[in-house]
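In what follows, a structure is listed as structure tokens, so that the remarks can point back to it.
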Amino acid sequence: MQFIDQARIAVKAGRGGDGIVAFRREKYVPAGGPSGGDGGRGADVLLVADSNLQTLLDFKYKRLFQAIDGRRGGPNRSTGASGTPLLIKVPCGTEVRDTRTGILLGDLTDAGDELLVAAGGRGGLGNAHYLSNRNRAPEKFTEGREGEEWLLRLELKLLAEVGIIGLPNAGKSTLISVLSAARPKIADYPFTTLVPNLGVVRRPSGDGTVFADIPGLIAGAAQGAGLGHDFLRHIERTRLLIHLIDASSSDVLGDLQVVEQELLAYGHGLSDRPRLVSLTKIELVDPDELPGLVSAVQEAHGGLPVLAISAAASMRLKELLSAVWQQLGIKEL
Ligand SMILES: Nc1nc2c(ncn2[C@@H]2O[C@H](COP(=O)(O)OP(=O)(O)OP(=O)(O)O)[C@@H](O)[C@H]2O)c(=O)[nH]1
Ligand SMILES: [Mg+2]
């Protein structure tokens with residue numbers, strides 16, 4: 001499932017260096033000719049697609065990108081140094097538009113794709129260029145040109161990598177609201193969530209992974225009950241599911257089975273999709289009974305690890321995320 005991540009950035013290329021006025025000074029040459037060199041070019045700004053990035057999260061913090069200016073020309077016709085281009089890394093799939101007109105400037109699809117977004121200013125000319133028969137000692141030079149400056153809108157279609165599933169009221173929306181900046185509606189009745197909510201959760205490396213809070217699943221959903229069929233469409237492309245179960249439910253094992261059963265009934269390989277089963281709202285459970293409950297769920301879930309968390313009370317969320325990163329093959333720092 002997709003949603004659009006957006007960022008606005010300002011890019012400014014470097015100004016060209018000025019040309020200079022200088023004259024040759026050599027032994028035995030009384031009046032040397034003009035020798036002022038040209039200014040160097042200002043640095044360009046380029047966007048480069050990088051497969052290590054998944055979201056535009058970084059651009060929420062840094063929005064202004066300025067490339068360096070070209071250097072002034074030197075004596076003896078030496079040209080000033082040009083600025084090294086400023087490369088801004090963006091995720092693969094980023095579309096770049098001019099903010100003012102909305103015109104598409106480019107699409108960085110594959111890793112390594114580059115797009116010039118602001119050209120550096122040309123360097124000015126030194127006086128060496130202005131030598132003529134009429135003027136043997138020109139004092140003329142030109143200034144470097146300003147670099148281009150643009151306001152850009154970056155857009156990226158994000159794929160949710162992690163889907164949060166479970167019965168209605170399990171606490172799915174609450175979980176995404178504490179893990180990300182998403183602010184879905186949360187209420188103590190079923191089917192509060194009718195369309196998925198997406199949130200970007202920061203990885204240990206600083207980049208983000210998209211989580212989707214999926215509408216509640218009920219028995220018969222595979223046949224279309226509740227929001228059944230939408231559900232399939234939403235989670236088909238996720239890589240990992242977090243199956244949330246309300247630990248305070250009167251029938252925790254029954255709740256686990258209902259959802260697991262529906263995954264099987266859906267087919268499309270959903271029941272093979274890696275998933276983390278997680279009991280939530282654990283602060284509502286008697287602490288003496290919790291370990292027994294966790295082992296019972298673990299046993300029913302084929303011995304796979306079961307995490308016990310509370311989104312509302314912020315308990316063991318770090319452990320949950322560690323497990324998510326591990327499952328996705330993302331290294332922790
Ligand atoms: N005590 C406690 N209550 C929680 C916790 N997480 C969620 N809740 C409450 O459980 C109720 C349902 O939470 P939601 O996050 O809306 O549940 P949901 O799974 O998104 O529900 P649907 O969208 O209807 O499928 C709300 O009243 C929440 O405040 C928790 O960790 N502890
Ligand atoms: Mg919800």
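In the structure tokens, chains take the letters A, B, ... in the order shown, each chain's residues start at 1, and ligands count up from 1 in the order shown.
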
Residues of region 106-147 of chain A that approach region 12-33 of chain A to 6 Å or less, counting only C-alpha atoms: could you list each one with the shortest pair of atoms and its distance in Å to one decimal, rows by chain and increasing residue number, as a Markdown table?
| residue | atom | partner | partner_atom | distance |
| --- | --- | --- | --- | --- |
| A:Ala118 | CA | A:Ala13 | CA | 5.3 |
| A:Ala119 | CA | A:Ala13 | CA | 5.8 |
| A:Gly120 | CA | A:Ala13 | CA | 4.7 |
| A:Gly121 | CA | A:Gly16 | CA | 4.5 |
| A:Arg122 | CA | A:Gly16 | CA | 4.8 |
| A:Gly123 | CA | A:Gly16 | CA | 4.1 |
| A:Gly124 | CA | A:Gly19 | CA | 4.5 |
| A:Leu125 | CA | A:Gly19 | CA | 4.4 |
| A:Gly126 | CA | A:Gly19 | CA | 3.9 |
| A:Asn127 | CA | A:Val21 | CA | 5.1 |
| A:Glu139 | CA | A:Val21 | CA | 6.0 |
| A:Phe141 | CA | A:Gly19 | CA | 5.6 |
| A:Thr142 | CA | A:Gly19 | CA | 5.6 |
| A:Glu143 | CA | A:Asp18 | CA | 4.3 |
| A:Gly144 | CA | A:Gly16 | CA | 4.1 |
| A:Arg145 | CA | A:Gly16 | CA | 5.2 |
| A:Glu146 | CA | A:Arg15 | CA | 4.4 |
| A:Gly147 | CA | A:Ala13 | CA | 4.4 |

(request) Kindly provide, as a PyMOL selection string, all nucleotide and amino acid residues lying within 7 Å of ligand 1, counting only C-alpha atoms and all ligand atoms. (result) chain A and resi 166-175+185-194+215-216+280-284+310-313

Please save N, CA and C atoms of the selected residues as a CSV table (one decimal), in the first residue's frame.
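Output saved as part32.csv:
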chain,number,residue,atom,x,y,z
A,166,GLY,N,-5.1,-6.9,13.6
A,166,GLY,CA,-5.6,-7.5,14.8
A,166,GLY,C,-7.1,-7.2,14.8
A,167,LEU,N,-7.8,-7.7,15.8
A,167,LEU,CA,-9.3,-7.5,15.9
A,167,LEU,C,-9.6,-6.0,16.1
A,168,PRO,N,-10.8,-5.7,15.9
A,168,PRO,CA,-11.2,-4.3,16.2
A,168,PRO,C,-10.9,-4.0,17.6
A,169,ASN,N,-10.5,-2.8,17.9
A,169,ASN,CA,-10.3,-2.4,19.3
A,169,ASN,C,-9.1,-2.9,20.0
A,170,ALA,N,-8.3,-3.6,19.2
A,170,ALA,CA,-7.1,-4.3,19.8
A,170,ALA,C,-6.1,-3.2,20.3
A,171,GLY,N,-6.1,-2.0,19.7
A,171,GLY,CA,-5.1,-1.0,20.1
A,171,GLY,C,-4.1,-0.7,19.0
A,172,LYS,N,-4.5,-1.0,17.8
A,172,LYS,CA,-3.6,-0.8,16.6
A,172,LYS,C,-3.3,0.7,16.4
A,173,SER,N,-4.4,1.5,16.4
A,173,SER,CA,-4.2,2.9,16.1
A,173,SER,C,-3.4,3.5,17.2
A,174,THR,N,-3.6,3.1,18.4
A,174,THR,CA,-2.9,3.6,19.6
A,174,THR,C,-1.4,3.3,19.4
A,175,LEU,N,-1.1,2.1,18.9
A,175,LEU,CA,0.3,1.7,18.8
A,175,LEU,C,1.0,2.6,17.7
A,185,LYS,N,-7.6,8.5,14.6
A,185,LYS,CA,-8.6,8.5,15.6
A,185,LYS,C,-8.6,7.2,16.4
A,186,ILE,N,-8.7,7.4,17.7
A,186,ILE,CA,-8.6,6.3,18.7
A,186,ILE,C,-9.9,6.3,19.5
A,187,ALA,N,-10.6,5.2,19.6
A,187,ALA,CA,-11.8,5.2,20.4
A,187,ALA,C,-12.1,3.8,20.9
A,188,ASP,N,-12.9,3.7,22.0
A,188,ASP,CA,-13.1,2.4,22.6
A,188,ASP,C,-14.3,1.7,22.0
A,189,TYR,N,-14.4,1.8,20.6
A,189,TYR,CA,-15.4,1.0,20.0
A,189,TYR,C,-14.8,0.4,18.7
A,190,PRO,N,-15.3,-0.7,18.2
A,190,PRO,CA,-14.7,-1.4,17.1
A,190,PRO,C,-14.9,-0.6,15.8
A,191,PHE,N,-14.0,-0.8,14.8
A,191,PHE,CA,-14.1,-0.2,13.5
A,191,PHE,C,-13.9,1.4,13.6
A,192,THR,N,-13.1,1.8,14.5
A,192,THR,CA,-12.8,3.2,14.5
A,192,THR,C,-12.0,3.6,13.2
A,193,THR,N,-11.1,2.6,12.9
A,193,THR,CA,-10.3,2.9,11.7
A,193,THR,C,-10.9,2.3,10.5
A,194,LEU,N,-11.2,3.1,9.5
A,194,LEU,CA,-11.9,2.6,8.3
A,194,LEU,C,-10.9,2.5,7.1
A,215,PRO,N,-7.3,-1.4,9.3
A,215,PRO,CA,-8.6,-1.6,9.9
A,215,PRO,C,-8.8,-3.0,10.5
A,216,GLY,N,-9.6,-3.0,11.6
A,216,GLY,CA,-9.8,-4.3,12.3
A,216,GLY,C,-10.3,-5.4,11.5
A,280,THR,N,-0.9,-6.5,23.8
A,280,THR,CA,-0.8,-5.1,24.2
A,280,THR,C,-1.8,-4.9,25.4
A,281,LYS,N,-1.8,-3.7,25.9
A,281,LYS,CA,-2.6,-3.3,27.1
A,281,LYS,C,-2.2,-4.1,28.3
A,282,ILE,N,-0.9,-4.5,28.4
A,282,ILE,CA,-0.6,-5.5,29.5
A,282,ILE,C,-0.7,-4.8,30.8
A,283,GLU,N,-0.7,-3.5,30.9
A,283,GLU,CA,-0.8,-2.9,32.2
A,283,GLU,C,-2.2,-3.1,32.8
A,284,LEU,N,-3.1,-3.6,32.0
A,284,LEU,CA,-4.4,-4.0,32.6
A,284,LEU,C,-4.5,-5.4,33.1
A,310,SER,N,2.7,-2.4,26.1
A,310,SER,CA,1.5,-1.5,26.3
A,310,SER,C,1.8,-0.3,25.6
A,311,ALA,N,1.0,0.0,24.6
A,311,ALA,CA,1.2,1.3,23.8
A,311,ALA,C,0.8,2.5,24.7
A,312,ALA,N,-0.3,2.3,25.4
A,312,ALA,CA,-0.8,3.5,26.2
A,312,ALA,C,0.2,3.8,27.4
A,313,ALA,N,0.8,2.8,28.0
A,313,ALA,CA,1.7,3.0,29.1
A,313,ALA,C,3.2,3.0,28.7

(message) Please compute the CA of Leu328 (chain A)-CA of Ser51 (chain A) distance, one decimal, in Å.
(response)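 A separation of 15.3 Å between them.
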
(message) Can you measure CA of Gly208 (chain A) to CA of Leu151 (chain A) for me? One decimal in Å is fine.
(response)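 According to the coordinates, CA of Gly208 (chain A) and CA of Leu151 (chain A) are separated by 23.9 Å.
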
(request) Compile the contact shell of Arg273 (chain A) as a ChimeraX atom specification: residues with an atom at most 8 Å away, counting only C-alpha atoms, same-chain residues fewer than 6 positions apart removed. (result) /A:239-241

N, CA and C atoms of the current selection, written as a PDB file, in the first residue's frame:
ATOM      1  N   ARG A 239       5.946  -6.275   4.299  1.00  0.00           N
ATOM      2  CA  ARG A 239       6.930  -7.361   4.475  1.00  0.00           C
ATOM      3  C   ARG A 239       6.781  -8.057   5.812  1.00  0.00           C
ATOM      4  N   LEU A 240       6.160  -7.364   6.740  1.00  0.00           N
ATOM      5  CA  LEU A 240       6.067  -7.907   8.095  1.00  0.00           C
ATOM      6  C   LEU A 240       4.743  -7.458   8.704  1.00  0.00           C
ATOM      7  N   LEU A 241       4.122  -8.366   9.445  1.00  0.00           N
ATOM      8  CA  LEU A 241       2.880  -7.995  10.136  1.00  0.00           C
ATOM      9  C   LEU A 241       3.117  -8.021  11.641  1.00  0.00           C
TER      10      LEU A 241
END

(request) Could you check which of A:Thr209, A:Ser132, A:Asn197, A:Gln326 is closest to ligand 2, using only C-alpha atoms and all ligand atoms? (result)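 Closest candidate: A:Asn197.
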
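Reported to one decimal place, the separation of CA of Gly40 (chain A) from CA of Asn135 (chain A) is 25.1 Å.
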
(request) Counting only C-alpha atoms, figure out which residue out of A:Asn76, A:Ser82, A:Ser248, A:Ser180 gets nearest to Ile309 (chain A). (result) A:Ser248

(request) Would you mind telling me which residue in A:Leu276, A:Leu256, A:Leu263, A:Ile164 lies nearest to ligand 2 when using only C-alpha atoms and all ligand atoms? (result) A:Ile164

(message) When you look at Gly163 (chain A) with a cut-off of 8 Å (counting only C-alpha atoms), what residues show up, excluding the ones that are within fewer than 6 positions of it in the same chain? I need them as an MDAnalysis selection string.
(response) chainID A and resid 211:214 235 238:242
